[in-house]
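Next comes entry.cif, with mmCIF, N, CA and C atoms.
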data_model
loop_
_atom_site.label_atom_id
_atom_site.label_comp_id
_atom_site.auth_asym_id
_atom_site.auth_seq_id
_atom_site.Cartn_x
_atom_site.Cartn_y
_atom_site.Cartn_z
N CYS A 1 0.83 -1.19 0.00
CA CYS A 1 0.00 0.00 0.00
C CYS A 1 0.87 1.25 0.00
N VAL A 2 0.29 2.32 -0.50
CA VAL A 2 0.94 3.62 -0.45
C VAL A 2 0.56 4.21 0.91
N HIS A 3 1.56 4.53 1.72
CA HIS A 3 1.29 4.90 3.11
C HIS A 3 1.36 6.39 3.40
N SER A 4 1.83 7.19 2.47
CA SER A 4 1.96 8.61 2.76
C SER A 4 1.74 9.44 1.50
N PRO A 5 1.43 10.70 1.68
CA PRO A 5 1.30 11.58 0.50
C PRO A 5 2.59 11.63 -0.32
N GLU A 6 3.73 11.56 0.35
CA GLU A 6 5.01 11.59 -0.36
C GLU A 6 5.17 10.35 -1.24
N GLU A 7 4.78 9.18 -0.71
CA GLU A 7 4.86 7.95 -1.51
C GLU A 7 3.91 8.03 -2.70
N ALA A 8 2.72 8.59 -2.48
CA ALA A 8 1.75 8.73 -3.57
C ALA A 8 2.31 9.65 -4.66
N ARG A 9 2.86 10.78 -4.26
CA ARG A 9 3.45 11.70 -5.24
C ARG A 9 4.59 11.03 -6.01
N SER A 10 5.42 10.29 -5.30
CA SER A 10 6.54 9.60 -5.94
C SER A 10 6.04 8.56 -6.94
N LEU A 11 5.00 7.81 -6.57
CA LEU A 11 4.43 6.82 -7.46
C LEU A 11 3.88 7.48 -8.73
N LEU A 12 3.11 8.55 -8.55
CA LEU A 12 2.55 9.24 -9.71
C LEU A 12 3.64 9.86 -10.58
N GLN A 13 4.67 10.38 -9.96
CA GLN A 13 5.77 10.95 -10.73
C GLN A 13 6.48 9.87 -11.54
N SER A 14 6.64 8.68 -10.97
CA SER A 14 7.30 7.60 -11.70
C SER A 14 6.44 7.17 -12.90
N ILE A 15 5.12 7.18 -12.74
CA ILE A 15 4.22 6.85 -13.85
C ILE A 15 4.36 7.92 -14.94
N ARG A 16 4.39 9.18 -14.53
CA ARG A 16 4.54 10.28 -15.50
C ARG A 16 5.87 10.16 -16.26
N VAL A 17 6.93 9.83 -15.56
CA VAL A 17 8.25 9.68 -16.20
C VAL A 17 8.20 8.52 -17.20
N ASN A 18 7.58 7.40 -16.81
CA ASN A 18 7.49 6.25 -17.71
C ASN A 18 6.65 6.53 -18.95
N ARG A 19 5.76 7.53 -18.86
CA ARG A 19 4.91 7.91 -20.00
C ARG A 19 5.47 9.13 -20.74
N LEU A 20 6.66 9.57 -20.34
CA LEU A 20 7.32 10.74 -20.92
C LEU A 20 6.51 12.02 -20.76
N VAL A 21 5.68 12.07 -19.73
CA VAL A 21 4.94 13.29 -19.43
C VAL A 21 5.90 14.26 -18.76
N ASP A 22 5.84 15.50 -19.14
CA ASP A 22 6.72 16.54 -18.62
C ASP A 22 8.18 16.29 -18.98
N CYS A 23 8.43 15.39 -19.90
CA CYS A 23 9.79 15.09 -20.33
C CYS A 23 10.24 16.17 -21.31
N ASP A 24 11.44 16.63 -21.17
CA ASP A 24 11.97 17.65 -22.05
C ASP A 24 12.45 16.98 -23.34
N VAL A 25 11.51 16.84 -24.26
CA VAL A 25 11.87 16.19 -25.53
C VAL A 25 12.56 17.16 -26.48
N ASP A 26 12.64 18.44 -26.08
CA ASP A 26 13.33 19.41 -26.92
C ASP A 26 14.80 19.06 -27.11
N ALA A 27 15.37 18.32 -26.15
CA ALA A 27 16.77 17.93 -26.25
C ALA A 27 16.97 16.80 -27.26
N ALA A 28 15.88 16.11 -27.60
CA ALA A 28 15.97 15.01 -28.56
C ALA A 28 16.00 15.56 -29.98
N SER A 29 16.41 14.72 -30.89
CA SER A 29 16.45 15.15 -32.29
C SER A 29 15.03 15.42 -32.79
N GLU A 30 14.95 16.17 -33.86
CA GLU A 30 13.65 16.51 -34.44
C GLU A 30 12.90 15.24 -34.86
N GLU A 31 13.64 14.27 -35.35
CA GLU A 31 13.05 13.00 -35.77
C GLU A 31 12.43 12.27 -34.58
N VAL A 32 13.15 12.22 -33.46
CA VAL A 32 12.64 11.56 -32.25
C VAL A 32 11.43 12.32 -31.71
N GLN A 33 11.50 13.64 -31.68
CA GLN A 33 10.37 14.45 -31.22
C GLN A 33 9.13 14.16 -32.05
N HIS A 34 9.29 14.13 -33.34
CA HIS A 34 8.18 13.86 -34.25
C HIS A 34 7.60 12.46 -33.98
N GLY A 35 8.49 11.48 -33.83
CA GLY A 35 8.07 10.10 -33.55
C GLY A 35 7.31 9.98 -32.24
N LEU A 36 7.82 10.63 -31.19
CA LEU A 36 7.15 10.59 -29.89
C LEU A 36 5.76 11.20 -29.95
N LYS A 37 5.65 12.33 -30.61
CA LYS A 37 4.34 12.99 -30.73
C LYS A 37 3.36 12.11 -31.50
N ASN A 38 3.83 11.49 -32.56
CA ASN A 38 2.96 10.62 -33.35
C ASN A 38 2.55 9.37 -32.57
N MET A 39 3.50 8.79 -31.83
CA MET A 39 3.17 7.60 -31.02
C MET A 39 2.15 7.96 -29.95
N ARG A 40 2.32 9.07 -29.28
CA ARG A 40 1.38 9.50 -28.24
C ARG A 40 0.00 9.73 -28.85
N ARG A 41 -0.05 10.43 -29.98
CA ARG A 41 -1.33 10.70 -30.66
C ARG A 41 -2.00 9.39 -31.06
N SER A 42 -1.22 8.47 -31.60
CA SER A 42 -1.75 7.19 -32.05
C SER A 42 -2.27 6.36 -30.88
N LEU A 43 -1.50 6.29 -29.80
CA LEU A 43 -1.92 5.53 -28.64
C LEU A 43 -3.19 6.12 -28.02
N CYS A 44 -3.25 7.43 -27.90
CA CYS A 44 -4.45 8.07 -27.34
C CYS A 44 -5.66 7.78 -28.22
N ALA A 45 -5.48 7.86 -29.51
CA ALA A 45 -6.59 7.58 -30.44
C ALA A 45 -7.03 6.13 -30.35
N ALA A 46 -6.08 5.21 -30.21
CA ALA A 46 -6.41 3.79 -30.12
C ALA A 46 -7.19 3.49 -28.85
N VAL A 47 -6.76 4.04 -27.73
CA VAL A 47 -7.47 3.82 -26.46
C VAL A 47 -8.86 4.42 -26.53
N GLU A 48 -8.97 5.63 -27.09
CA GLU A 48 -10.28 6.27 -27.21
C GLU A 48 -11.20 5.43 -28.10
N ARG A 49 -10.68 4.96 -29.20
CA ARG A 49 -11.48 4.13 -30.12
C ARG A 49 -11.92 2.84 -29.45
N LEU A 50 -11.01 2.20 -28.75
CA LEU A 50 -11.32 0.96 -28.06
C LEU A 50 -12.41 1.19 -27.01
N ALA A 51 -12.25 2.23 -26.21
CA ALA A 51 -13.23 2.53 -25.17
C ALA A 51 -14.57 2.90 -25.79
N THR A 52 -14.55 3.66 -26.86
CA THR A 52 -15.80 4.06 -27.52
C THR A 52 -16.51 2.85 -28.12
N ASP A 53 -15.75 1.98 -28.77
CA ASP A 53 -16.36 0.79 -29.38
C ASP A 53 -16.91 -0.16 -28.33
N LEU A 54 -16.20 -0.33 -27.24
CA LEU A 54 -16.67 -1.24 -26.19
C LEU A 54 -17.77 -0.62 -25.35
N TYR A 55 -17.69 0.67 -25.13
CA TYR A 55 -18.60 1.33 -24.21
C TYR A 55 -19.24 2.53 -24.88
N ALA A 56 -20.04 2.28 -25.91
CA ALA A 56 -20.67 3.36 -26.68
C ALA A 56 -21.62 4.18 -25.83
N ASP A 57 -22.25 3.57 -24.85
CA ASP A 57 -23.20 4.26 -23.99
C ASP A 57 -22.44 5.03 -22.91
N GLU A 58 -22.66 6.35 -22.85
CA GLU A 58 -21.96 7.17 -21.86
C GLU A 58 -22.25 6.73 -20.42
N CYS A 59 -23.40 6.14 -20.19
CA CYS A 59 -23.77 5.72 -18.83
C CYS A 59 -23.08 4.42 -18.41
N HIS A 60 -22.38 3.78 -19.34
CA HIS A 60 -21.71 2.52 -19.02
C HIS A 60 -20.71 2.67 -17.88
N CYS A 61 -20.15 3.86 -17.74
CA CYS A 61 -19.15 4.06 -16.69
C CYS A 61 -19.73 3.79 -15.31
N PHE A 62 -21.03 4.02 -15.13
CA PHE A 62 -21.63 3.74 -13.82
C PHE A 62 -21.63 2.25 -13.53
N TRP A 63 -21.89 1.45 -14.54
CA TRP A 63 -21.81 0.00 -14.37
C TRP A 63 -20.38 -0.40 -14.00
N GLU A 64 -19.41 0.21 -14.66
CA GLU A 64 -18.01 -0.10 -14.37
C GLU A 64 -17.65 0.26 -12.93
N LEU A 65 -18.14 1.39 -12.45
CA LEU A 65 -17.85 1.80 -11.07
C LEU A 65 -18.48 0.83 -10.07
N VAL A 66 -19.68 0.36 -10.35
CA VAL A 66 -20.33 -0.63 -9.49
C VAL A 66 -19.55 -1.93 -9.52
N GLN A 67 -19.17 -2.35 -10.71
CA GLN A 67 -18.40 -3.58 -10.87
C GLN A 67 -17.07 -3.50 -10.13
N ASN A 68 -16.39 -2.36 -10.24
CA ASN A 68 -15.11 -2.20 -9.55
C ASN A 68 -15.29 -2.23 -8.04
N ALA A 69 -16.37 -1.61 -7.54
CA ALA A 69 -16.64 -1.64 -6.10
C ALA A 69 -16.87 -3.08 -5.65
N ASP A 70 -17.53 -3.87 -6.48
CA ASP A 70 -17.77 -5.28 -6.15
C ASP A 70 -16.47 -6.06 -6.10
N ASP A 71 -15.53 -5.69 -6.96
CA ASP A 71 -14.25 -6.40 -7.03
C ASP A 71 -13.20 -5.90 -6.03
N ASN A 72 -13.46 -4.77 -5.39
CA ASN A 72 -12.48 -4.19 -4.47
C ASN A 72 -12.15 -5.12 -3.32
N LYS A 73 -11.09 -4.78 -2.63
CA LYS A 73 -10.69 -5.51 -1.42
C LYS A 73 -11.26 -4.76 -0.21
N TYR A 74 -11.82 -5.51 0.72
CA TYR A 74 -12.42 -4.92 1.91
C TYR A 74 -11.78 -5.51 3.15
N ALA A 75 -11.70 -4.71 4.20
CA ALA A 75 -11.12 -5.17 5.46
C ALA A 75 -11.97 -6.30 6.03
N PRO A 76 -11.35 -7.20 6.78
CA PRO A 76 -12.10 -8.33 7.35
C PRO A 76 -13.27 -7.89 8.24
N ASP A 77 -13.17 -6.72 8.87
CA ASP A 77 -14.24 -6.28 9.76
C ASP A 77 -15.39 -5.57 9.02
N VAL A 78 -15.28 -5.44 7.69
CA VAL A 78 -16.36 -4.84 6.91
C VAL A 78 -17.38 -5.93 6.62
N GLU A 79 -18.54 -5.81 7.27
CA GLU A 79 -19.58 -6.81 7.08
C GLU A 79 -20.30 -6.64 5.76
N VAL A 80 -20.54 -5.38 5.38
CA VAL A 80 -21.27 -5.09 4.14
C VAL A 80 -20.50 -4.04 3.34
N PRO A 81 -19.96 -4.42 2.21
CA PRO A 81 -19.34 -3.41 1.36
C PRO A 81 -20.40 -2.40 0.90
N THR A 82 -20.02 -1.14 0.85
CA THR A 82 -20.98 -0.12 0.44
C THR A 82 -20.44 0.67 -0.73
N LEU A 83 -21.36 1.21 -1.50
CA LEU A 83 -21.03 2.09 -2.61
C LEU A 83 -22.08 3.19 -2.62
N GLU A 84 -21.62 4.42 -2.61
CA GLU A 84 -22.52 5.57 -2.69
C GLU A 84 -22.16 6.36 -3.94
N MET A 85 -23.18 6.73 -4.69
CA MET A 85 -23.00 7.60 -5.86
C MET A 85 -23.89 8.81 -5.66
N SER A 86 -23.32 9.97 -5.91
CA SER A 86 -24.12 11.20 -5.75
C SER A 86 -23.65 12.27 -6.72
N VAL A 87 -24.55 13.18 -7.00
CA VAL A 87 -24.20 14.35 -7.80
C VAL A 87 -23.92 15.47 -6.81
N GLN A 88 -22.75 16.05 -6.93
CA GLN A 88 -22.33 17.15 -6.07
C GLN A 88 -22.25 18.42 -6.91
N VAL A 89 -22.41 19.56 -6.26
CA VAL A 89 -22.27 20.83 -6.96
C VAL A 89 -21.31 21.70 -6.17
N ASP A 90 -20.28 22.14 -6.86
CA ASP A 90 -19.29 23.04 -6.27
C ASP A 90 -19.43 24.37 -7.00
N PRO A 91 -19.47 25.49 -6.26
CA PRO A 91 -19.65 26.78 -6.91
C PRO A 91 -18.57 27.10 -7.94
N THR A 92 -17.38 26.59 -7.72
CA THR A 92 -16.27 26.86 -8.64
C THR A 92 -16.20 25.83 -9.76
N LEU A 93 -16.34 24.56 -9.42
CA LEU A 93 -16.17 23.48 -10.39
C LEU A 93 -17.44 23.16 -11.17
N GLY A 94 -18.57 23.43 -10.59
CA GLY A 94 -19.84 23.03 -11.19
C GLY A 94 -20.26 21.67 -10.67
N ALA A 95 -21.11 21.01 -11.43
CA ALA A 95 -21.63 19.70 -11.00
C ALA A 95 -20.64 18.60 -11.33
N TYR A 96 -20.58 17.61 -10.46
CA TYR A 96 -19.74 16.44 -10.70
C TYR A 96 -20.34 15.24 -9.98
N ILE A 97 -19.93 14.06 -10.40
CA ILE A 97 -20.42 12.83 -9.80
C ILE A 97 -19.34 12.31 -8.86
N MET A 98 -19.77 11.92 -7.66
CA MET A 98 -18.82 11.38 -6.69
C MET A 98 -19.26 9.98 -6.31
N THR A 99 -18.31 9.06 -6.31
CA THR A 99 -18.58 7.71 -5.83
C THR A 99 -17.65 7.44 -4.65
N VAL A 100 -18.19 6.79 -3.65
CA VAL A 100 -17.44 6.50 -2.43
C VAL A 100 -17.76 5.07 -2.02
N ASN A 101 -16.74 4.31 -1.63
CA ASN A 101 -17.01 3.00 -1.03
C ASN A 101 -16.03 2.75 0.10
N ASN A 102 -16.27 1.71 0.84
CA ASN A 102 -15.50 1.43 2.05
C ASN A 102 -14.43 0.36 1.84
N GLU A 103 -13.77 0.41 0.70
CA GLU A 103 -12.69 -0.53 0.40
C GLU A 103 -11.44 -0.15 1.18
N VAL A 104 -10.45 -1.04 1.17
CA VAL A 104 -9.22 -0.79 1.94
C VAL A 104 -8.32 0.25 1.30
N GLY A 105 -8.43 0.47 0.02
CA GLY A 105 -7.59 1.45 -0.65
C GLY A 105 -6.76 0.81 -1.74
N LEU A 106 -6.21 1.66 -2.58
CA LEU A 106 -5.43 1.19 -3.71
C LEU A 106 -3.98 0.96 -3.33
N THR A 107 -3.40 -0.07 -3.89
CA THR A 107 -1.97 -0.30 -3.75
C THR A 107 -1.27 0.42 -4.89
N GLY A 108 0.03 0.48 -4.84
CA GLY A 108 0.80 1.05 -5.94
C GLY A 108 0.54 0.30 -7.24
N LYS A 109 0.45 -1.04 -7.16
CA LYS A 109 0.17 -1.85 -8.35
C LYS A 109 -1.21 -1.51 -8.91
N ASP A 110 -2.19 -1.27 -8.03
CA ASP A 110 -3.53 -0.90 -8.48
C ASP A 110 -3.50 0.42 -9.26
N VAL A 111 -2.76 1.40 -8.74
CA VAL A 111 -2.67 2.70 -9.39
C VAL A 111 -2.01 2.56 -10.76
N LYS A 112 -0.94 1.78 -10.82
CA LYS A 112 -0.26 1.57 -12.10
C LYS A 112 -1.19 0.90 -13.11
N ALA A 113 -1.96 -0.08 -12.66
CA ALA A 113 -2.90 -0.76 -13.56
C ALA A 113 -4.00 0.19 -14.02
N LEU A 114 -4.43 1.06 -13.13
CA LEU A 114 -5.47 2.04 -13.47
C LEU A 114 -4.99 3.00 -14.55
N CYS A 115 -3.70 3.26 -14.55
CA CYS A 115 -3.10 4.20 -15.50
C CYS A 115 -2.64 3.53 -16.78
N ASP A 116 -2.90 2.25 -16.92
CA ASP A 116 -2.42 1.51 -18.08
C ASP A 116 -3.59 0.86 -18.81
N VAL A 117 -3.31 0.25 -19.93
CA VAL A 117 -4.30 -0.48 -20.70
C VAL A 117 -3.88 -1.94 -20.71
N ASN A 118 -4.84 -2.82 -20.55
CA ASN A 118 -4.58 -4.26 -20.56
C ASN A 118 -3.65 -4.68 -19.43
N ALA A 119 -3.79 -4.01 -18.28
CA ALA A 119 -2.94 -4.34 -17.14
C ALA A 119 -3.79 -4.66 -15.91
N SER A 120 -4.95 -5.24 -16.12
CA SER A 120 -5.86 -5.54 -15.03
C SER A 120 -5.21 -6.51 -14.04
N LEU A 121 -5.46 -6.27 -12.77
CA LEU A 121 -4.96 -7.15 -11.71
C LEU A 121 -6.06 -8.09 -11.21
N LYS A 122 -7.20 -8.08 -11.88
CA LYS A 122 -8.33 -8.88 -11.43
C LYS A 122 -8.05 -10.35 -11.59
N GLY A 123 -8.55 -11.11 -10.64
CA GLY A 123 -8.32 -12.55 -10.64
C GLY A 123 -9.60 -13.32 -10.90
N ILE A 124 -9.52 -14.60 -10.67
CA ILE A 124 -10.67 -15.49 -10.86
C ILE A 124 -11.79 -15.05 -9.93
N GLY A 125 -13.00 -15.03 -10.46
CA GLY A 125 -14.17 -14.65 -9.67
C GLY A 125 -14.46 -13.17 -9.72
N GLN A 126 -13.61 -12.41 -10.38
CA GLN A 126 -13.84 -10.98 -10.51
C GLN A 126 -14.24 -10.68 -11.95
N THR A 127 -15.12 -9.70 -12.09
CA THR A 127 -15.62 -9.33 -13.41
C THR A 127 -14.66 -8.36 -14.07
N GLY A 128 -14.45 -8.54 -15.33
CA GLY A 128 -13.61 -7.61 -16.07
C GLY A 128 -12.15 -8.02 -16.02
N HIS A 129 -11.48 -7.81 -17.12
CA HIS A 129 -10.07 -8.21 -17.17
C HIS A 129 -9.31 -7.49 -18.29
N LYS A 130 -10.00 -6.62 -19.01
CA LYS A 130 -9.37 -5.98 -20.16
C LYS A 130 -8.45 -4.83 -19.75
N GLY A 131 -8.65 -4.31 -18.55
CA GLY A 131 -7.82 -3.20 -18.10
C GLY A 131 -8.23 -1.87 -18.69
N ILE A 132 -9.49 -1.77 -19.16
CA ILE A 132 -9.95 -0.49 -19.69
C ILE A 132 -11.28 -0.05 -19.10
N GLY A 133 -11.92 -0.88 -18.30
CA GLY A 133 -13.25 -0.58 -17.80
C GLY A 133 -13.36 0.75 -17.08
N TRP A 134 -12.46 1.00 -16.13
CA TRP A 134 -12.53 2.25 -15.38
C TRP A 134 -12.36 3.44 -16.32
N LYS A 135 -11.60 3.26 -17.37
CA LYS A 135 -11.35 4.36 -18.29
C LYS A 135 -12.60 4.82 -19.02
N SER A 136 -13.70 4.07 -18.89
CA SER A 136 -14.96 4.51 -19.49
C SER A 136 -15.45 5.81 -18.86
N VAL A 137 -14.91 6.18 -17.69
CA VAL A 137 -15.30 7.47 -17.09
C VAL A 137 -14.87 8.64 -17.96
N PHE A 138 -13.89 8.43 -18.83
CA PHE A 138 -13.46 9.51 -19.72
C PHE A 138 -14.52 9.84 -20.77
N ARG A 139 -15.55 9.01 -20.89
CA ARG A 139 -16.67 9.34 -21.78
C ARG A 139 -17.51 10.46 -21.18
N VAL A 140 -17.45 10.64 -19.85
CA VAL A 140 -18.26 11.67 -19.20
C VAL A 140 -17.43 12.71 -18.46
N SER A 141 -16.12 12.54 -18.42
CA SER A 141 -15.26 13.48 -17.71
C SER A 141 -13.91 13.61 -18.41
N ASP A 142 -13.45 14.85 -18.52
CA ASP A 142 -12.12 15.08 -19.08
C ASP A 142 -11.03 14.94 -18.02
N CYS A 143 -11.43 14.99 -16.76
CA CYS A 143 -10.43 15.02 -15.69
C CYS A 143 -10.97 14.30 -14.44
N PRO A 144 -11.13 12.99 -14.51
CA PRO A 144 -11.60 12.27 -13.32
C PRO A 144 -10.52 12.26 -12.23
N HIS A 145 -10.95 12.21 -11.00
CA HIS A 145 -10.04 12.17 -9.86
C HIS A 145 -10.28 10.88 -9.08
N VAL A 146 -9.21 10.31 -8.56
CA VAL A 146 -9.30 9.13 -7.71
C VAL A 146 -8.67 9.49 -6.38
N ILE A 147 -9.43 9.27 -5.32
CA ILE A 147 -8.91 9.47 -3.96
C ILE A 147 -9.03 8.14 -3.26
N SER A 148 -7.92 7.61 -2.80
CA SER A 148 -7.89 6.29 -2.21
C SER A 148 -7.80 6.38 -0.69
N HIS A 149 -8.42 5.42 -0.05
CA HIS A 149 -8.40 5.35 1.41
C HIS A 149 -7.01 5.02 1.95
N ALA A 150 -6.23 4.29 1.17
CA ALA A 150 -4.91 3.83 1.63
C ALA A 150 -3.97 4.98 1.94
#
Would you mind writing the file out in structure tokens?
Amino acid sequence: CVHSPEEARSLLQSIRVNRLVDCDVDAASEEVQHGLKNMRRSLCAAVERLATDLYADECHCFWELVQNADDNKYAPDVEVPTLEMSVQVDPTLGAYIMTVNNEVGLTGKDVKALCDVNASLKGIGQTGHKGIGWKSVFRVSDCPHVISHA
């Protein structure tokens, strides 16, 4: 588990570095810069196409969130796993959807899988395995946020 805000920041920074986010590609040759931009554009388009083809209905993300809550890990003392979904309104941000459940929290491996495609950590008895289900939230949000209990 990620135990501190510093560990969380370090984990996210390592993911960003592995994806060449905030990387100074200006130092690379023009050919490499062009290739990187094209690869990023192509990968983004492929993921968007895959998600759109699999999850054409914008409301599908709610099913994915319910499914993920069902698959989450819960502490032994949790008798009944819960999931709450609500529409919140912030004067600055506007309306947004918030989901909350009483899972134990995400591990570093969970966060990495969430940020990847085809990297599902789900095992036998769990629904979904393509590693793109949660990403269906991008059909309804340009900037989803994940806050973990861990």
Practice problem: Report the residues retrieved by the PyMOL selection byres ((chain A and resi 136) around 8) from the displayed file, expressed as an NGL selection string. | Solution: :A and (51-52 or 55 or 58-62 or 64 or 132-135 or 137-141)
Quiz prompt | Pairwise distance for atom CA of Ser120 of chain A and atom CA of Asp53 of chain A, rounded to one decimal in Å | solution =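 Between atom CA of Ser120 of chain A and atom CA of Asp53 of chain A the gap is 18.9 Å.
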Quiz item: Between atom CA of Arg16 of chain A and atom CA of Thr107 of chain A, what is the spacing in Å?
Solution: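 Interatomic distance, atom CA of Thr107 of chain A to atom CA of Arg16 of chain A: 17.1 Å.
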Exercise. Determine the nearest neighbour of Asn102 of chain A from the options A:Arg19, A:Arg9, A:Lys73, A:His34, counting all atoms listed in the file.
Key: A:Lys73
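The set of residues that the PyMOL selection byres ((chain A and resi 97) around 8) takes from this file is Met85, Ser86, Val87, Gln88, Val89, Gly94, Ala95, Tyr96, Met98, Thr99 and Val100 of chain A.
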Exercise. Using DSSP on the backbone coordinates, identify the residues of chain A assigned to strand (DSSP E or B); present them as a ChimeraX atom specification.
Key: /A:83-90,94-101
Practice problem: Mind giving me the straight-line distance from atom C of Leu12 of chain A to atom N of Gly108 of chain A in Å, one decimal? | Solution: 11.6 Å
Where does the PyMOL selection byres ((chain A and resi 69) around 8) land in this file, that is, which residues does it pick, as a compact mmCIF listing (two decimals) with N, CA and C atoms, in the frame of the given file?
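To be explicit, this is the file written out as result-v5.txt:
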# COMPACT_ATOMS: atom_id res chain seq x y z
N TRP A 63 -21.89 1.45 -14.54
CA TRP A 63 -21.81 0.00 -14.37
C TRP A 63 -20.38 -0.40 -14.00
N GLU A 64 -19.41 0.21 -14.66
CA GLU A 64 -18.01 -0.10 -14.37
C GLU A 64 -17.65 0.26 -12.93
N LEU A 65 -18.14 1.39 -12.45
CA LEU A 65 -17.85 1.80 -11.07
C LEU A 65 -18.48 0.83 -10.07
N VAL A 66 -19.68 0.36 -10.35
CA VAL A 66 -20.33 -0.63 -9.49
C VAL A 66 -19.55 -1.93 -9.52
N GLN A 67 -19.17 -2.35 -10.71
CA GLN A 67 -18.40 -3.58 -10.87
C GLN A 67 -17.07 -3.50 -10.13
N ASN A 68 -16.39 -2.36 -10.24
CA ASN A 68 -15.11 -2.20 -9.55
C ASN A 68 -15.29 -2.23 -8.04
N ASP A 70 -17.53 -3.87 -6.48
CA ASP A 70 -17.77 -5.28 -6.15
C ASP A 70 -16.47 -6.06 -6.10
N ASP A 71 -15.53 -5.69 -6.96
CA ASP A 71 -14.25 -6.40 -7.03
C ASP A 71 -13.20 -5.90 -6.03
N ASN A 72 -13.46 -4.77 -5.39
CA ASN A 72 -12.48 -4.19 -4.47
C ASN A 72 -12.15 -5.12 -3.32
N LYS A 73 -11.09 -4.78 -2.63
CA LYS A 73 -10.69 -5.51 -1.42
C LYS A 73 -11.26 -4.76 -0.21
N PRO A 81 -19.96 -4.42 2.21
CA PRO A 81 -19.34 -3.41 1.36
C PRO A 81 -20.40 -2.40 0.90
N THR A 82 -20.02 -1.14 0.85
CA THR A 82 -20.98 -0.12 0.44
C THR A 82 -20.44 0.67 -0.73
N LEU A 83 -21.36 1.21 -1.50
CA LEU A 83 -21.03 2.09 -2.61
C LEU A 83 -22.08 3.19 -2.62
N VAL A 100 -18.19 6.79 -3.65
CA VAL A 100 -17.44 6.50 -2.43
C VAL A 100 -17.76 5.07 -2.02
N ASN A 101 -16.74 4.31 -1.63
CA ASN A 101 -17.01 3.00 -1.03
C ASN A 101 -16.03 2.75 0.10
N ASN A 102 -16.27 1.71 0.84
CA ASN A 102 -15.50 1.43 2.05
C ASN A 102 -14.43 0.36 1.84
N GLU A 103 -13.77 0.41 0.70
CA GLU A 103 -12.69 -0.53 0.40
C GLU A 103 -11.44 -0.15 1.18
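Near Pro5 of chain A, within 12 Å and counting only C-alpha atoms, sit Leu11, Leu12, Ile147, Ser148, His149 and Ala150 of chain A; same-chain residues fewer than 6 positions away were not included.
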Self-check item: From A:Glu6, A:Val104, A:Leu36, A:Cys44, residue lying nearest Pro76 of chain A [only C-alpha atoms]
Solution: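 Of the candidates, the smallest distance to Pro76 of chain A is held by A:Val104.
In this comparison, which uses only C-alpha atoms, the residue of A:His3, A:Asp116, A:Lys109, A:Leu43 approaching Asn18 of chain A most closely is A:Asp116.
Of the listed residues A:Ala28, A:Ile15, A:Leu20, A:Leu93, the one whose atoms come nearest to Ala113 of chain A is A:Ile15, with distances taken using only C-alpha atoms.
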